[in-house]
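I have placed the structure first, in the form of C-alpha cells, so that the comments after it can refer back to it.
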Amino acid sequence: MKTIKIASILLLLFSFSLMAQEEQHQMSPEQKAWMEYMTPGEEQLELAKTVGDWTYESKFWMSPDQKEPMVTNGTAKFESILGGRYISSEMKGMMMNSTFEGRGLDGFDNARKIYVSTWVDNMGTGIMYMEGTKEDGKLVYNGTSVNPVTKASEKMKTVITTIDDDHFKMEMFMVTDNGDFKSMEINYTRVK
C-alpha cells in the first residue's frame, strides 16, 4: 500500500512537471522575454556572494597631488532583496570627521546584459548611476557624478576586484583628459 502511495505521488509530481513544461512551450514570445528578464541568473548569483556583514578600510584622495590618503574605517551590510534580483548595501563609518552613511543598489539587467549600480550618501544630495561589465574577472562600472563646485558632470569609473570569499576591493577613479585619477579605495573584510 505504501509503495502505491509513493508511486502515485511521483506520478502526480511528474504530471505537474510535464504540465509546467507544456505551459512554457505555449508562452508567447513576449511572455518568454518577460520570464527571461525577471528570472535571476548566474550574474545575480555572483553579486550575491557579497551578502553578509563586512568591515572596511577606506582611503580617500582629494587631488592627484595628495600623497597620503585620508584613512577611515567602518562597517557594511549587503543584503539580497526582491527574490535575489538585487543587492542592497548599507555603509556606516566616519569621513572628514563626520558620521558617514551610504546606500547602494546593484544588479544585472538581463535584457541589456549589463550590471547596474546606484549610490547615495549623506555627503551629497545626488544619485550616482553607473553601468558595468566584467573585464578580466573584475567588475568595471562607468558613470558620472556632479561636481558641486563646478556644477559639471564628471566621468567616473569603479573597479571591483574579488580577492577571495572574505575579501574584496573597490577602487574609484575620476576619468579626466589627463588620465584616470584614483580618488578612493575601499578594502572589505567579511565579519565571521
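In the C-alpha cells, chains take letters A, B, ... by order of appearance, with residues numbered from 1 within each chain and ligands from 1 in the order shown.
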
DSSP on the backbone, strand (DSSP E) only: what residues of segment 113-190 of chain A does that give? Format it as a ChimeraX atom specification. /A:114-121,128-135,138-146,153-164,167-176,179-190

Considering only C-alpha atoms, tabulate each residue of segment 57-120 of chain A that lies at most 12 Å from segment 146-158 of chain A along with its nearest interatomic pair and the corresponding distance in Å to one decimal; arrange the rows by chain and ascending residue number and present them as a tab-separated table.
residue	atom	partner	partner_atom	distance
A:Val116	CA	A:Thr158	CA	11.8
A:Ser117	CA	A:Thr158	CA	10.3
A:Thr118	CA	A:Thr158	CA	11.9
A:Trp119	CA	A:Thr158	CA	11.8

Proximity check segment 69-182 of chain A to segment 35-49 of chain A, 7 Å, nearest pairs one decimal Å, only C-alpha atoms, as JSON lines:
{"residue": "A:Ser80", "atom": "CA", "partner": "A:Ala48", "partner_atom": "CA", "distance": 6.4}
{"residue": "A:Gly84", "atom": "CA", "partner": "A:Pro40", "partner_atom": "CA", "distance": 6.4}
{"residue": "A:Arg85", "atom": "CA", "partner": "A:Pro40", "partner_atom": "CA", "distance": 5.6}
{"residue": "A:Ile87", "atom": "CA", "partner": "A:Ala48", "partner_atom": "CA", "distance": 6.7}
{"residue": "A:Gly107", "atom": "CA", "partner": "A:Gln44", "partner_atom": "CA", "distance": 6.6}
{"residue": "A:Phe108", "atom": "CA", "partner": "A:Gln44", "partner_atom": "CA", "distance": 6.3}
{"residue": "A:Asn110", "atom": "CA", "partner": "A:Tyr37", "partner_atom": "CA", "distance": 5.2}
{"residue": "A:Ala111", "atom": "CA", "partner": "A:Tyr37", "partner_atom": "CA", "distance": 5.7}

File of the preceding selection, C-alpha atoms, as a CSV table (one decimal), in the first residue's frame:
chain,number,residue,atom,x,y,z
A,80,SER,CA,19.9,40.2,-1.3
A,84,GLY,CA,17.6,37.6,-5.4
A,85,ARG,CA,17.3,40.2,-8.2
A,87,ILE,CA,21.9,43.5,-3.8
A,107,GLY,CA,22.0,44.3,-10.1
A,108,PHE,CA,22.3,42.8,-13.5
A,110,ASN,CA,19.1,40.7,-18.0
A,111,ALA,CA,17.6,42.5,-21.1

Proximity to Ile127 of chain A - best of A:Ile114, A:Val175, A:Leu105, A:Met27, only C-alpha atoms: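 Among A:Ile114, A:Val175, A:Leu105, A:Met27, it is A:Leu105 that comes nearest to Ile127 of chain A.
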
From the list A:Lys192, A:Lys77, A:Lys182, A:Lys134, the nearest residue to Thr161 of chain A using only C-alpha atoms is A:Lys134

Long-range neighbours of segment 56-62 of chain A as a compact mmCIF listing (two decimals) with N, CA and C atoms, in the first residue's frame, 12 Å cut-off, only C-alpha atoms, 3 positions minimum in chain:
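Wrote it out as selection_9.txt, contents follow:
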# COMPACT_ATOMS: atom_id res chain seq x y z
N ASP A 53 27.83 40.63 6.51
CA ASP A 53 28.36 41.78 7.24
C ASP A 53 29.86 41.89 7.00
N ASP A 65 47.70 65.24 -6.57
CA ASP A 65 48.99 65.55 -5.93
C ASP A 65 48.99 65.28 -4.42
N GLN A 66 47.89 64.79 -3.88
CA GLN A 66 47.84 64.43 -2.45
C GLN A 66 48.58 63.10 -2.27
N LYS A 67 49.66 63.11 -1.54
CA LYS A 67 50.49 61.92 -1.39
C LYS A 67 49.88 60.90 -0.44
N GLU A 68 49.50 61.34 0.74
CA GLU A 68 48.94 60.44 1.74
C GLU A 68 47.42 60.55 1.78
N PRO A 69 46.72 59.43 1.68
CA PRO A 69 45.26 59.49 1.68
C PRO A 69 44.70 59.68 3.09
N MET A 70 43.46 60.16 3.15
CA MET A 70 42.72 60.14 4.40
C MET A 70 42.25 58.69 4.57
N VAL A 71 42.40 58.14 5.76
CA VAL A 71 42.03 56.75 6.01
C VAL A 71 40.91 56.71 7.04
N THR A 72 39.86 55.95 6.73
CA THR A 72 38.75 55.78 7.66
C THR A 72 38.35 54.31 7.71
N ASN A 73 37.58 53.97 8.72
CA ASN A 73 37.10 52.60 8.88
C ASN A 73 35.59 52.62 9.11
N GLY A 74 34.95 51.50 8.83
CA GLY A 74 33.52 51.42 9.07
C GLY A 74 33.00 50.01 8.87
N THR A 75 31.68 49.93 8.79
CA THR A 75 31.01 48.65 8.61
C THR A 75 30.10 48.72 7.38
N ALA A 76 29.84 47.56 6.81
CA ALA A 76 28.95 47.47 5.66
C ALA A 76 28.09 46.22 5.78
N LYS A 77 26.88 46.32 5.28
CA LYS A 77 25.96 45.19 5.27
C LYS A 77 25.40 45.07 3.86
N GLU A 90 24.53 48.85 2.68
CA GLU A 90 24.49 49.98 3.61
C GLU A 90 25.85 50.09 4.28
N MET A 91 26.44 51.28 4.23
CA MET A 91 27.75 51.52 4.85
C MET A 91 27.62 52.58 5.93
N LYS A 92 28.38 52.39 7.01
CA LYS A 92 28.42 53.36 8.09
C LYS A 92 29.86 53.51 8.56
N GLY A 93 30.25 54.74 8.82
CA GLY A 93 31.60 55.00 9.31
C GLY A 93 31.80 56.47 9.55
N MET A 94 33.03 56.91 9.41
CA MET A 94 33.39 58.32 9.57
C MET A 94 34.11 58.78 8.31
N MET A 95 33.89 60.04 7.93
CA MET A 95 34.62 60.64 6.82
C MET A 95 34.77 62.13 7.10
N MET A 96 35.98 62.62 7.00
CA MET A 96 36.29 64.03 7.25
C MET A 96 35.70 64.50 8.58
N PHE A 100 29.46 59.14 8.53
CA PHE A 100 29.19 58.82 7.12
C PHE A 100 28.20 57.68 7.03
N ASP A 166 36.18 36.14 1.36
CA ASP A 166 36.08 37.00 2.53
C ASP A 166 36.71 38.38 2.35
N HIS A 167 37.18 38.69 1.14
CA HIS A 167 37.83 39.98 0.89
C HIS A 167 37.54 40.45 -0.53
N PHE A 168 37.20 41.74 -0.65
CA PHE A 168 37.13 42.34 -1.98
C PHE A 168 37.51 43.81 -1.88
N LYS A 169 37.84 44.39 -3.03
CA LYS A 169 38.34 45.77 -3.07
C LYS A 169 37.54 46.56 -4.09
N MET A 170 37.19 47.79 -3.74
CA MET A 170 36.54 48.72 -4.66
C MET A 170 37.47 49.92 -4.84
N GLU A 171 37.76 50.24 -6.09
CA GLU A 171 38.58 51.42 -6.40
C GLU A 171 37.75 52.36 -7.27
N MET A 172 37.79 53.64 -6.94
CA MET A 172 37.07 54.64 -7.72
C MET A 172 38.07 55.60 -8.35
N PHE A 173 37.81 55.90 -9.63
CA PHE A 173 38.69 56.77 -10.39
C PHE A 173 37.89 57.92 -11.00
N MET A 174 38.45 59.10 -10.98
CA MET A 174 37.92 60.22 -11.75
C MET A 174 38.58 60.12 -13.13
N PHE A 181 42.44 59.35 -12.34
CA PHE A 181 42.97 59.72 -11.03
C PHE A 181 42.21 58.90 -9.98
N LYS A 182 42.94 58.08 -9.23
CA LYS A 182 42.34 57.26 -8.19
C LYS A 182 41.97 58.12 -7.00
N SER A 183 40.65 58.23 -6.74
CA SER A 183 40.19 59.09 -5.65
C SER A 183 39.80 58.31 -4.40
N MET A 184 39.54 57.00 -4.56
CA MET A 184 39.10 56.22 -3.40
C MET A 184 39.46 54.75 -3.58
N GLU A 185 39.77 54.12 -2.45
CA GLU A 185 39.96 52.67 -2.41
C GLU A 185 39.33 52.17 -1.12
N ILE A 186 38.49 51.15 -1.23
CA ILE A 186 37.87 50.56 -0.04
C ILE A 186 38.18 49.07 -0.04
N ASN A 187 38.77 48.59 1.05
CA ASN A 187 39.08 47.17 1.22
C ASN A 187 38.13 46.58 2.24
N TYR A 188 37.36 45.57 1.81
CA TYR A 188 36.34 44.94 2.65
C TYR A 188 36.83 43.61 3.20
N THR A 189 36.49 43.31 4.45
CA THR A 189 36.77 42.03 5.09
C THR A 189 35.48 41.51 5.72
N ARG A 190 35.13 40.29 5.38
CA ARG A 190 33.88 39.70 5.89
C ARG A 190 33.98 39.46 7.40
N VAL A 191 32.89 39.79 8.11
CA VAL A 191 32.80 39.53 9.55
C VAL A 191 32.40 38.07 9.72
